[in-house]
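Undergrad: Quick one, coords_39.pdb (PDB, C-alpha atoms):
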```
ATOM      1  CA  MET A 281     -11.839   0.344  -7.988
ATOM      2  CA  THR A 282      -8.364  -0.731  -8.893
ATOM      3  CA  THR A 283      -6.615  -2.214  -5.879
ATOM      4  CA  ARG A 284      -3.071  -1.275  -4.987
ATOM      5  CA  ARG A 285      -1.827  -4.840  -5.357
ATOM      6  CA  ALA A 286      -3.424  -5.324  -8.750
ATOM      7  CA  ALA A 287      -2.042  -2.019  -9.963
ATOM      8  CA  VAL A 288       1.597  -2.836  -9.228
ATOM      9  CA  THR A 289       2.704  -3.646 -12.736
ATOM     10  CA  VAL A 290       5.917  -4.586 -14.418
ATOM     11  CA  MET A 291       5.814  -2.038 -17.152
ATOM     12  CA  GLY A 292       7.965  -4.100 -19.429
ATOM     13  CA  THR A 293       4.741  -5.816 -20.439
ATOM     14  CA  LEU A 294       3.370  -2.547 -21.773
ATOM     15  CA  LEU A 295       3.760  -1.487 -25.343
ATOM     16  CA  ALA A 296       6.624   0.927 -25.853
ATOM     17  CA  ALA A 297       5.402   4.519 -25.841
ATOM     18  CA  PRO A 298       5.653   6.508 -29.060
ATOM     19  CA  ALA A 299       8.565   8.885 -29.475
ATOM     20  CA  LEU A 300       8.446  11.690 -26.919
ATOM     21  CA  ARG A 301       7.333  15.010 -28.345
ATOM     22  CA  ALA A 302       5.728  18.219 -27.182
ATOM     23  CA  GLN A 303       1.943  18.132 -26.929
ATOM     24  CA  PRO A 304      -0.487  20.898 -27.894
ATOM     25  CA  GLY A 305      -1.793  23.170 -25.150
ATOM     26  CA  TRP A 306       0.121  24.253 -22.067
ATOM     27  CA  ASN A 307       3.872  23.707 -21.882
ATOM     28  CA  PRO A 308       6.302  25.014 -19.255
ATOM     29  CA  THR A 309       8.261  28.119 -20.197
ATOM     30  CA  ARG A 310      11.166  27.522 -17.791
ATOM     31  CA  PRO A 311      12.673  24.601 -15.830
ATOM     32  CA  VAL A 312      10.252  22.693 -13.619
ATOM     33  CA  ARG A 313      11.164  22.192  -9.954
ATOM     34  CA  LEU A 314      10.632  18.685  -8.607
ATOM     35  CA  ILE A 315      10.699  19.011  -4.825
ATOM     36  CA  VAL A 316      11.997  15.921  -3.033
ATOM     37  CA  THR A 317      11.402  16.132   0.698
ATOM     38  CA  TYR A 318      14.356  13.969   1.731
ATOM     39  CA  PRO A 319      18.160  14.319   1.439
ATOM     40  CA  PRO A 320      20.190  13.110  -1.552
ATOM     41  CA  GLY A 321      21.130   9.442  -1.685
ATOM     42  CA  GLY A 322      17.909   7.856  -0.420
ATOM     43  CA  VAL A 323      15.202   6.114  -2.405
ATOM     44  CA  ASN A 324      13.106   9.273  -2.832
ATOM     45  CA  ASP A 325      16.029  11.146  -4.363
ATOM     46  CA  ILE A 326      16.963   8.182  -6.563
ATOM     47  CA  VAL A 327      13.425   7.775  -7.921
ATOM     48  CA  GLY A 328      12.997  11.519  -8.385
ATOM     49  CA  ARG A 329      16.119  11.746 -10.529
ATOM     50  CA  ILE A 330      15.184   8.708 -12.587
ATOM     51  CA  VAL A 331      11.810  10.166 -13.545
ATOM     52  CA  ALA A 332      13.015  13.782 -13.928
ATOM     53  CA  GLU A 333      15.025  13.141 -17.087
ATOM     54  CA  PRO A 334      12.303  11.604 -19.302
ATOM     55  CA  LEU A 335       9.683  13.963 -17.883
ATOM     56  CA  GLY A 336      11.824  16.930 -18.849
ATOM     57  CA  ARG A 337      12.209  15.613 -22.383
ATOM     58  CA  GLU A 338       8.454  15.186 -22.663
ATOM     59  CA  LEU A 339       7.703  18.672 -21.321
ATOM     60  CA  GLY A 340      10.390  20.415 -23.360
ATOM     61  CA  GLN A 341      12.009  21.930 -20.255
ATOM     62  CA  PRO A 342      14.447  20.447 -17.727
ATOM     63  CA  VAL A 343      12.938  18.992 -14.572
ATOM     64  CA  VAL A 344      15.321  19.888 -11.765
ATOM     65  CA  VAL A 345      15.323  17.957  -8.496
ATOM     66  CA  GLU A 346      15.361  20.216  -5.446
ATOM     67  CA  ASN A 347      16.020  18.464  -2.128
ATOM     68  CA  ARG A 348      14.082  20.229   0.653
ATOM     69  CA  ALA A 349      14.513  17.941   3.655
ATOM     70  CA  GLY A 350      13.466  18.451   7.254
ATOM     71  CA  ALA A 351      10.555  18.147   9.681
ATOM     72  CA  GLY A 352       9.614  14.705   8.417
ATOM     73  CA  GLY A 353       9.166  16.037   4.887
ATOM     74  CA  ASN A 354       6.905  18.923   5.885
ATOM     75  CA  ILE A 355       9.360  21.653   4.890
ATOM     76  CA  GLY A 356       9.431  20.552   1.274
ATOM     77  CA  THR A 357       5.739  19.702   1.209
ATOM     78  CA  LEU A 358       4.801  23.150   2.482
ATOM     79  CA  ALA A 359       7.118  24.807  -0.046
ATOM     80  CA  ALA A 360       5.452  22.898  -2.881
ATOM     81  CA  ALA A 361       1.951  23.630  -1.582
ATOM     82  CA  GLN A 362       2.688  27.360  -1.385
ATOM     83  CA  ALA A 363       4.380  27.562  -4.792
ATOM     84  CA  GLU A 364       2.719  29.398  -7.660
ATOM     85  CA  PRO A 365       0.259  26.845  -9.109
ATOM     86  CA  ASP A 366       1.473  27.319 -12.668
ATOM     87  CA  GLY A 367       2.885  23.868 -13.386
ATOM     88  CA  HIS A 368       6.492  24.851 -12.731
ATOM     89  CA  THR A 369       6.636  23.254  -9.253
ATOM     90  CA  ILE A 370       5.700  19.637  -8.554
ATOM     91  CA  LEU A 371       6.169  17.362  -5.563
ATOM     92  CA  LEU A 372       7.494  13.846  -5.207
ATOM     93  CA  GLY A 373       4.768  12.508  -2.915
ATOM     94  CA  THR A 374       5.279   9.490  -0.700
ATOM     95  CA  THR A 375       3.412   7.196   1.654
ATOM     96  CA  ALA A 376       4.799   9.176   4.591
ATOM     97  CA  LEU A 377       3.677  12.576   3.326
ATOM     98  CA  PHE A 378       0.135  11.468   2.497
ATOM     99  CA  GLY A 379      -0.517   8.705   5.005
ATOM    100  CA  VAL A 380       1.602   9.306   8.087
ATOM    101  CA  ASN A 381       2.388  13.017   8.443
ATOM    102  CA  PRO A 382      -1.263  14.089   8.813
ATOM    103  CA  ILE A 383      -1.282  12.099  12.070
ATOM    104  CA  LEU A 384       2.224  12.876  13.318
ATOM    105  CA  TYR A 385       2.179  16.558  12.402
ATOM    106  CA  ALA A 386      -1.454  17.578  12.774
ATOM    107  CA  ASN A 387      -0.517  21.261  13.198
ATOM    108  CA  SER A 388       2.090  21.499  10.445
ATOM    109  CA  GLY A 389       0.013  23.826   8.294
ATOM    110  CA  VAL A 390       0.028  21.425   5.356
ATOM    111  CA  ASP A 391      -2.223  18.493   4.499
ATOM    112  CA  ALA A 392      -0.948  16.636   1.449
ATOM    113  CA  VAL A 393      -4.301  15.019   0.656
ATOM    114  CA  ARG A 394      -6.020  18.403   0.711
ATOM    115  CA  ASP A 395      -3.257  20.530  -0.798
ATOM    116  CA  PHE A 396      -2.219  18.467  -3.829
ATOM    117  CA  VAL A 397      -3.668  16.791  -6.893
ATOM    118  CA  PRO A 398      -2.105  13.536  -8.169
ATOM    119  CA  LEU A 399      -0.305  13.486 -11.511
ATOM    120  CA  GLY A 400       0.748   9.841 -11.542
ATOM    121  CA  THR A 401       2.340   7.079  -9.533
ATOM    122  CA  ILE A 402       5.925   6.007 -10.169
ATOM    123  CA  ALA A 403       7.042   3.163  -7.959
ATOM    124  CA  GLU A 404       6.410   0.889  -5.009
ATOM    125  CA  VAL A 405       9.355   0.142  -2.758
ATOM    126  CA  ALA A 406       9.736  -2.571  -0.157
ATOM    127  CA  ASN A 407      11.403  -2.016   3.164
ATOM    128  CA  ILE A 408      13.648  -4.945   3.960
ATOM    129  CA  LEU A 409      13.957  -6.497   7.404
ATOM    130  CA  SER A 410      17.689  -7.181   7.539
ATOM    131  CA  VAL A 411      19.871  -8.452  10.360
ATOM    132  CA  ILE A 412      23.576  -7.934  10.892
ATOM    133  CA  PRO A 413      25.263 -11.370  10.783
ATOM    134  CA  ARG A 414      27.906 -10.512  13.384
ATOM    135  CA  ARG A 415      25.186  -9.396  15.827
ATOM    136  CA  THR A 416      22.663 -12.224  15.399
ATOM    137  CA  GLN A 417      22.639 -15.677  13.845
ATOM    138  CA  ALA A 418      18.952 -15.406  12.890
ATOM    139  CA  ARG A 419      18.229 -16.567   9.358
ATOM    140  CA  THR A 420      14.440 -16.382   9.473
ATOM    141  CA  VAL A 421      11.861 -14.092  11.033
ATOM    142  CA  ASP A 422      10.964 -16.824  13.528
ATOM    143  CA  GLU A 423      14.603 -17.101  14.582
ATOM    144  CA  LEU A 424      14.861 -13.328  15.029
ATOM    145  CA  VAL A 425      11.724 -13.370  17.183
ATOM    146  CA  ALA A 426      13.200 -16.173  19.287
ATOM    147  CA  ASP A 427      16.455 -14.226  19.640
ATOM    148  CA  ALA A 428      14.540 -11.135  20.794
ATOM    149  CA  LYS A 429      12.807 -13.199  23.468
ATOM    150  CA  ARG A 430      16.163 -14.394  24.806
ATOM    151  CA  ARG A 431      18.039 -11.087  24.996
ATOM    152  CA  PRO A 432      17.618  -7.338  24.387
ATOM    153  CA  LEU A 433      17.961  -6.352  20.727
ATOM    154  CA  VAL A 434      18.489  -2.955  19.107
ATOM    155  CA  TYR A 435      17.040  -1.917  15.763
ATOM    156  CA  GLY A 436      17.557   1.089  13.537
ATOM    157  CA  SER A 437      15.228   3.111  11.321
ATOM    158  CA  VAL A 438      15.597   6.090   9.021
ATOM    159  CA  GLY A 439      13.868   8.292  11.591
ATOM    160  CA  ASN A 440      10.961   8.643  13.994
ATOM    161  CA  GLY A 441       7.645   8.400  12.183
ATOM    162  CA  SER A 442       9.188   7.116   8.960
ATOM    163  CA  SER A 443       7.832   4.130   7.039
ATOM    164  CA  SER A 444      10.958   2.328   8.234
ATOM    165  CA  HIS A 445       9.957   3.014  11.847
ATOM    166  CA  PHE A 446       6.345   2.006  11.193
ATOM    167  CA  SER A 447       7.487  -1.228   9.549
ATOM    168  CA  ALA A 448       9.398  -2.137  12.683
ATOM    169  CA  VAL A 449       6.683  -1.136  15.165
ATOM    170  CA  VAL A 450       4.010  -3.137  13.351
ATOM    171  CA  PHE A 451       6.347  -6.137  13.162
ATOM    172  CA  LEU A 452       7.269  -5.987  16.854
ATOM    173  CA  LYS A 453       3.627  -5.711  17.883
ATOM    174  CA  ALA A 454       2.539  -8.593  15.659
ATOM    175  CA  ALA A 455       5.419 -10.781  16.855
ATOM    176  CA  GLY A 456       4.868  -9.942  20.520
ATOM    177  CA  ILE A 457       8.448  -8.798  21.136
ATOM    178  CA  GLU A 458      10.285  -5.626  22.123
ATOM    179  CA  ALA A 459      13.512  -4.029  20.937
ATOM    180  CA  THR A 460      15.249  -0.710  21.509
ATOM    181  CA  HIS A 461      14.772   1.807  18.705
ATOM    182  CA  VAL A 462      17.621   3.966  17.398
ATOM    183  CA  PRO A 463      16.376   6.510  14.821
ATOM    184  CA  TYR A 464      18.849   7.851  12.247
ATOM    185  CA  ARG A 465      18.525  10.903  10.029
ATOM    186  CA  GLY A 466      17.850   9.192   6.750
ATOM    187  CA  SER A 467      18.747   6.048   4.880
ATOM    188  CA  SER A 468      22.443   6.746   4.375
ATOM    189  CA  PRO A 469      23.167   7.164   8.117
ATOM    190  CA  LEU A 470      21.124   4.043   8.893
ATOM    191  CA  VAL A 471      23.003   1.969   6.343
ATOM    192  CA  ALA A 472      26.317   3.252   7.718
ATOM    193  CA  ALA A 473      25.229   2.292  11.235
ATOM    194  CA  MET A 474      24.194  -1.174  10.103
ATOM    195  CA  LEU A 475      27.487  -1.667   8.303
ATOM    196  CA  ALA A 476      29.290  -0.593  11.485
ATOM    197  CA  GLY A 477      27.330  -3.128  13.533
ATOM    198  CA  GLU A 478      25.646  -0.530  15.743
ATOM    199  CA  VAL A 479      22.268  -2.326  15.636
ATOM    200  CA  ASP A 480      21.065  -5.922  15.467
ATOM    201  CA  PHE A 481      18.543  -5.329  12.699
ATOM    202  CA  GLY A 482      16.899  -2.585  10.707
ATOM    203  CA  PHE A 483      14.245  -1.787   8.146
ATOM    204  CA  ASP A 484      15.528   0.007   5.062
ATOM    205  CA  THR A 485      14.427   0.180   1.453
ATOM    206  CA  ALA A 486      15.389  -2.293  -1.234
ATOM    207  CA  ALA A 487      16.893   0.620  -3.172
ATOM    208  CA  THR A 488      19.516   1.267  -0.510
ATOM    209  CA  SER A 489      19.899  -2.189   1.093
ATOM    210  CA  THR A 490      20.047  -4.620  -1.809
ATOM    211  CA  THR A 491      23.728  -4.107  -2.645
ATOM    212  CA  HIS A 492      24.696  -4.800   0.975
ATOM    213  CA  ILE A 493      22.435  -7.839   1.093
ATOM    214  CA  GLN A 494      24.058  -9.177  -2.039
ATOM    215  CA  SER A 495      27.510  -8.620  -0.547
ATOM    216  CA  GLY A 496      26.597 -10.480   2.629
ATOM    217  CA  ALA A 497      26.983  -7.469   4.930
ATOM    218  CA  PHE A 498      23.252  -7.657   5.683
ATOM    219  CA  ARG A 499      21.105 -10.785   5.848
ATOM    220  CA  ALA A 500      17.598 -10.183   4.496
ATOM    221  CA  LEU A 501      14.812 -11.984   6.333
ATOM    222  CA  ALA A 502      11.649 -10.541   4.776
ATOM    223  CA  VAL A 503      10.180  -7.718   2.702
ATOM    224  CA  THR A 504       7.325  -5.496   3.875
ATOM    225  CA  THR A 505       5.289  -5.543   0.659
ATOM    226  CA  ALA A 506       2.414  -7.954   0.057
ATOM    227  CA  ARG A 507       4.317  -9.498  -2.833
ATOM    228  CA  ARG A 508       8.016 -10.243  -3.241
ATOM    229  CA  THR A 509      10.171  -7.502  -4.675
ATOM    230  CA  SER A 510      11.871  -8.032  -8.020
ATOM    231  CA  ALA A 511      15.157  -6.864  -6.480
ATOM    232  CA  LEU A 512      15.216  -9.816  -4.065
ATOM    233  CA  PRO A 513      12.936 -12.533  -5.454
ATOM    234  CA  ASP A 514      14.221 -15.175  -3.022
ATOM    235  CA  VAL A 515      13.374 -13.133   0.083
ATOM    236  CA  PRO A 516       9.898 -13.944   1.476
ATOM    237  CA  THR A 517       7.259 -11.397   2.327
ATOM    238  CA  MET A 518       6.446 -10.780   5.979
ATOM    239  CA  GLN A 519       3.166 -12.588   5.375
ATOM    240  CA  GLU A 520       5.014 -15.599   3.986
ATOM    241  CA  ALA A 521       7.309 -15.447   7.019
ATOM    242  CA  GLY A 522       4.329 -15.798   9.340
ATOM    243  CA  ILE A 523       3.224 -12.206  10.054
ATOM    244  CA  ALA A 524      -0.406 -12.410   8.919
ATOM    245  CA  GLY A 525      -1.896  -9.419   7.096
ATOM    246  CA  TYR A 526       1.385  -7.500   6.967
ATOM    247  CA  ASP A 527       1.382  -5.145   3.942
ATOM    248  CA  LEU A 528       3.463  -1.970   4.240
ATOM    249  CA  GLY A 529       4.786  -1.150   0.796
ATOM    250  CA  ILE A 530       6.007   2.407   0.183
ATOM    251  CA  TRP A 531       4.648   4.212  -2.863
ATOM    252  CA  LEU A 532       5.961   7.271  -4.655
ATOM    253  CA  GLY A 533       4.275   9.547  -7.188
ATOM    254  CA  LEU A 534       4.175  13.080  -8.566
ATOM    255  CA  PHE A 535       1.732  15.738  -7.398
ATOM    256  CA  ALA A 536       0.893  19.357  -8.240
ATOM    257  CA  PRO A 537      -0.495  22.057  -5.940
ATOM    258  CA  ALA A 538      -4.273  21.689  -5.661
ATOM    259  CA  ARG A 539      -4.897  25.169  -7.119
ATOM    260  CA  THR A 540      -3.168  24.282 -10.393
ATOM    261  CA  PRO A 541      -5.528  24.919 -13.346
ATOM    262  CA  THR A 542      -7.117  21.833 -14.853
ATOM    263  CA  PRO A 543      -5.466  22.195 -18.333
ATOM    264  CA  ILE A 544      -2.005  22.269 -16.713
ATOM    265  CA  VAL A 545      -2.812  19.259 -14.520
ATOM    266  CA  ALA A 546      -4.071  17.380 -17.569
ATOM    267  CA  ARG A 547      -0.871  18.184 -19.482
ATOM    268  CA  LEU A 548       1.330  17.012 -16.618
ATOM    269  CA  GLN A 549      -0.740  13.842 -16.215
ATOM    270  CA  ALA A 550      -0.447  13.134 -19.932
ATOM    271  CA  ALA A 551       3.310  13.603 -19.686
ATOM    272  CA  MET A 552       3.427  11.113 -16.834
ATOM    273  CA  ASP A 553       1.434   8.615 -18.884
ATOM    274  CA  ARG A 554       3.810   8.982 -21.816
ATOM    275  CA  ILE A 555       7.051   8.445 -19.891
ATOM    276  CA  ARG A 556       5.880   5.059 -18.646
ATOM    277  CA  MET A 557       7.966   3.206 -21.149
ATOM    278  CA  GLU A 558      10.287   0.238 -20.859
ATOM    279  CA  GLN A 559      13.426   2.362 -20.598
ATOM    280  CA  THR A 560      12.110   4.156 -17.509
ATOM    281  CA  ALA A 561      10.897   0.888 -16.001
ATOM    282  CA  GLU A 562      14.313  -0.680 -16.548
ATOM    283  CA  ARG A 563      16.011   2.215 -14.768
ATOM    284  CA  LEU A 564      13.653   1.848 -11.819
ATOM    285  CA  ARG A 565      14.235  -1.893 -11.596
ATOM    286  CA  GLY A 566      17.959  -1.243 -11.924
ATOM    287  CA  ALA A 567      17.669   0.881  -8.786
ATOM    288  CA  PHE A 568      15.911  -2.040  -7.023
ATOM    289  CA  VAL A 569      12.496  -0.356  -7.257
ATOM    290  CA  ASP A 570       9.308  -1.839  -8.727
ATOM    291  CA  PRO A 571       7.311   0.357 -11.156
ATOM    292  CA  LEU A 572       3.798   1.221 -10.028
ATOM    293  CA  GLN A 573       1.074   2.363 -12.413
ATOM    294  CA  ILE A 574      -2.374   3.397 -11.215
ATOM    295  CA  PRO A 575      -4.783   4.330 -14.056
ATOM    296  CA  ARG A 576      -5.334   8.078 -14.208
ATOM    297  CA  ASP A 577      -9.085   7.865 -13.545
ATOM    298  CA  ASP A 578      -8.439   5.853 -10.388
ATOM    299  CA  LEU A 579      -5.748   8.139  -8.950
ATOM    300  CA  PRO A 580      -7.869  10.351  -6.634
ATOM    301  CA  SER A 581      -9.716   7.459  -5.019
ATOM    302  CA  TRP A 582      -6.555   5.356  -4.803
ATOM    303  CA  VAL A 583      -4.604   8.125  -3.052
ATOM    304  CA  ALA A 584      -7.506   8.739  -0.662
ATOM    305  CA  THR A 585      -7.788   5.033   0.178
ATOM    306  CA  GLU A 586      -4.039   4.601   0.691
ATOM    307  CA  SER A 587      -3.828   7.738   2.823
ATOM    308  CA  ALA A 588      -6.693   6.576   5.028
ATOM    309  CA  ARG A 589      -5.139   3.107   5.383
ATOM    310  CA  TRP A 590      -1.770   4.478   6.508
ATOM    311  CA  GLN A 591      -3.359   7.040   8.813
ATOM    312  CA  GLN A 592      -5.185   4.212  10.557
ATOM    313  CA  ILE A 593      -1.887   2.328  10.918
ATOM    314  CA  ALA A 594      -0.314   5.483  12.364
ATOM    315  CA  ARG A 595      -3.074   5.867  14.924
ATOM    316  CA  GLU A 596      -2.882   2.237  15.992
ATOM    317  CA  ALA A 597       0.932   2.301  16.208
ATOM    318  CA  ARG A 598       0.844   5.396  18.463
ATOM    319  CA  ILE A 599       4.158   6.618  17.142
ATOM    320  CA  THR A 600       5.173  10.200  17.840
ATOM    321  CA  ALA A 601       7.440  12.442  15.799
ATOM    322  CA  ASP A 602       9.744  13.092  18.774
TER     323      ASP A 602
END
```
Kindly transcribe the structure held in the file into structure tokens.

TA:
Amino acid sequence: MTTRRAAVTVMGTLLAAPALRAQPGWNPTRPVRLIVTYPPGGVNDIVGRIVAEPLGRELGQPVVVENRAGAGGNIGTLAAAQAEPDGHTILLGTTALFGVNPILYANSGVDAVRDFVPLGTIAEVANILSVIPRRTQARTVDELVADAKRRPLVYGSVGNGSSSHFSAVVFLKAAGIEATHVPYRGSSPLVAAMLAGEVDFGFDTAATSTTHIQSGAFRALAVTTARRTSALPDVPTMQEAGIAGYDLGIWLGLFAPARTPTPIVARLQAAMDRIRMEQTAERLRGAFVDPLQIPRDDLPSWVATESARWQQIAREARITAD
């Protein structure tokens, strides 16, 4: 089975796809809704809008991003699951929706693994462990750990139960330190809080942190993925920084309601395959996101394995949604 690490590819090495054109068989007859379960401005919204344009050209109908935030992503996920399974509603699925929410929201009425079928992966995103220079002098993970052992520190995340929160909890446990958690309602509020110096450190995505790291407002200490991110090639991984076995990359992909007829699923999957061209990959990298391509035949088992892995992390972390 294709492993997640091996499947993270820089799609610039792929041959350019042939010119986009309508395919025989099913095609949408009206605009397609792409439900994004988080507010505008964060990495999910950014990636959704990048992929919507070429996907719409391939399908012959606009793909319109619809932000349905709330309840840790469950509001949008439930709306997508309950939509008419006719190919005109798809979901931007994430690590949180498939690997964390089933544990945090066991009675939500929606189970992403059960209620959706994968169409294709899009990207893997690193969370970045960044410190605020005016709050701490730490320049390495070891120095941050030493600082936390000397005095109380405060960290921020994009919300309770988020991958940002999980990244921090796993780090704190592995490092044997404690810090006070301040959850914010999304990436934009967290970034604003970090810029204002409200916290000592935080975990936020490369897509929304890199510009501030480059400006010097944040100091990046490590990335949460198993390999370095192309956005910040000089920043070590958590494993390289001494946190053994740490691998918490965030993945994003497109999904259709599970009841969608097989010919429609096949058409949408083919469209996803065809938009994986260098232009799309360049736009993703330009947004500080690494393209991720899992072969179509491997998608169901890959999603199941990733979901189980994150659910185990969620159980061990004992994080609640409150």

Undergrad: Rank A:Val583, A:Ala455, A:Leu534, A:Ile383 by their smallest atom-to-atom distance to Asp422 in chain A, using all atoms listed in the file, and report the top residue only.

TA: A:Ala455

Undergrad: Just give me the gap between CA of Thr369 in chain A and CA of Leu314 in chain A in Å, one decimal is fine.

TA: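 These atoms are spaced 6.1 Å apart.
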
Undergrad: Taking all atoms listed in the file into account, which of A:Pro537, A:Gly367, A:Gly477, A:Gly328 comes nearest Leu564 in chain A?

TA: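 Result for the nearest residue to Leu564 in chain A: A:Gly328.
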
Undergrad: Run through the PyMOL selection byres ((chain A and resi 532) around 8) on the given coordinates and return the selected residues as number ranges by chain.

TA: A: 324, 372-375, 401-404, 530-531, 533-534

Undergrad: If you count only C-alpha atoms, which residues fall within 10 Å of range 358-366 of chain A, apart from same-chain ones fewer than 4 positions away, as a PyMOL selection string?

TA: chain A and resi 306+308+312-317+348+353-354+370-372+388-392+394-396+535-541+544-545

Undergrad: Restrict the selected residues to C-alpha atoms and save them as a PDB file, keeping the file's coordinate frame.

TA:
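As a result, result22.pdb now contains:
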```
ATOM      1  CA  TRP A 306       0.121  24.253 -22.067  1.00  0.00           C
ATOM      2  CA  PRO A 308       6.302  25.014 -19.255  1.00  0.00           C
ATOM      3  CA  VAL A 312      10.252  22.693 -13.619  1.00  0.00           C
ATOM      4  CA  ARG A 313      11.164  22.192  -9.954  1.00  0.00           C
ATOM      5  CA  LEU A 314      10.632  18.685  -8.607  1.00  0.00           C
ATOM      6  CA  ILE A 315      10.699  19.011  -4.825  1.00  0.00           C
ATOM      7  CA  VAL A 316      11.997  15.921  -3.033  1.00  0.00           C
ATOM      8  CA  THR A 317      11.402  16.132   0.698  1.00  0.00           C
ATOM      9  CA  ARG A 348      14.082  20.229   0.653  1.00  0.00           C
ATOM     10  CA  GLY A 353       9.166  16.037   4.887  1.00  0.00           C
ATOM     11  CA  ASN A 354       6.905  18.923   5.885  1.00  0.00           C
ATOM     12  CA  ILE A 370       5.700  19.637  -8.554  1.00  0.00           C
ATOM     13  CA  LEU A 371       6.169  17.362  -5.563  1.00  0.00           C
ATOM     14  CA  LEU A 372       7.494  13.846  -5.207  1.00  0.00           C
ATOM     15  CA  SER A 388       2.090  21.499  10.445  1.00  0.00           C
ATOM     16  CA  GLY A 389       0.013  23.826   8.294  1.00  0.00           C
ATOM     17  CA  VAL A 390       0.028  21.425   5.356  1.00  0.00           C
ATOM     18  CA  ASP A 391      -2.223  18.493   4.499  1.00  0.00           C
ATOM     19  CA  ALA A 392      -0.948  16.636   1.449  1.00  0.00           C
ATOM     20  CA  ARG A 394      -6.020  18.403   0.711  1.00  0.00           C
ATOM     21  CA  ASP A 395      -3.257  20.530  -0.798  1.00  0.00           C
ATOM     22  CA  PHE A 396      -2.219  18.467  -3.829  1.00  0.00           C
ATOM     23  CA  PHE A 535       1.732  15.738  -7.398  1.00  0.00           C
ATOM     24  CA  ALA A 536       0.893  19.357  -8.240  1.00  0.00           C
ATOM     25  CA  PRO A 537      -0.495  22.057  -5.940  1.00  0.00           C
ATOM     26  CA  ALA A 538      -4.273  21.689  -5.661  1.00  0.00           C
ATOM     27  CA  ARG A 539      -4.897  25.169  -7.119  1.00  0.00           C
ATOM     28  CA  THR A 540      -3.168  24.282 -10.393  1.00  0.00           C
ATOM     29  CA  PRO A 541      -5.528  24.919 -13.346  1.00  0.00           C
ATOM     30  CA  ILE A 544      -2.005  22.269 -16.713  1.00  0.00           C
ATOM     31  CA  VAL A 545      -2.812  19.259 -14.520  1.00  0.00           C
TER      32      VAL A 545
END
```

Undergrad: Would you please work out which residue, of A:Ala459, A:Val405, A:Val393, A:Leu399, is nearest to Ala506 in chain A when using only C-alpha atoms?

TA: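 So, comparing all the options, the nearest one is A:Val405.
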
Undergrad: Let me make sure I understand: among A:Ala524, A:Ala349, A:Val450, A:Ala497, which one has the smallest atom-to-atom distance to Ala472 in chain A if we use all atoms listed in the file?

TA: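 Checking each candidate against Ala472 in chain A, we get A:Ala497 as the closest.
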
Undergrad: Which one is closest to Gly439 in chain A: A:Arg465, A:Arg556, A:Arg414, A:Lys453? Count only C-alpha atoms.

TA: A:Arg465

Undergrad: Within 12 Å of (15.8, 18.9, -18.2) in the file's own coordinates, which protein, DNA or RNA residues have an atom, counting only C-alpha atoms? List them as a ChimeraX atom specification.

TA: /A:308,310-314,329-345

Undergrad: Between CA of Leu512 in chain A and CA of Ala473 in chain A, what is the spacing in Å?

TA: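 Computing the Euclidean distance for CA of Ala473 in chain A and CA of Leu512 in chain A yields 21.9 Å.
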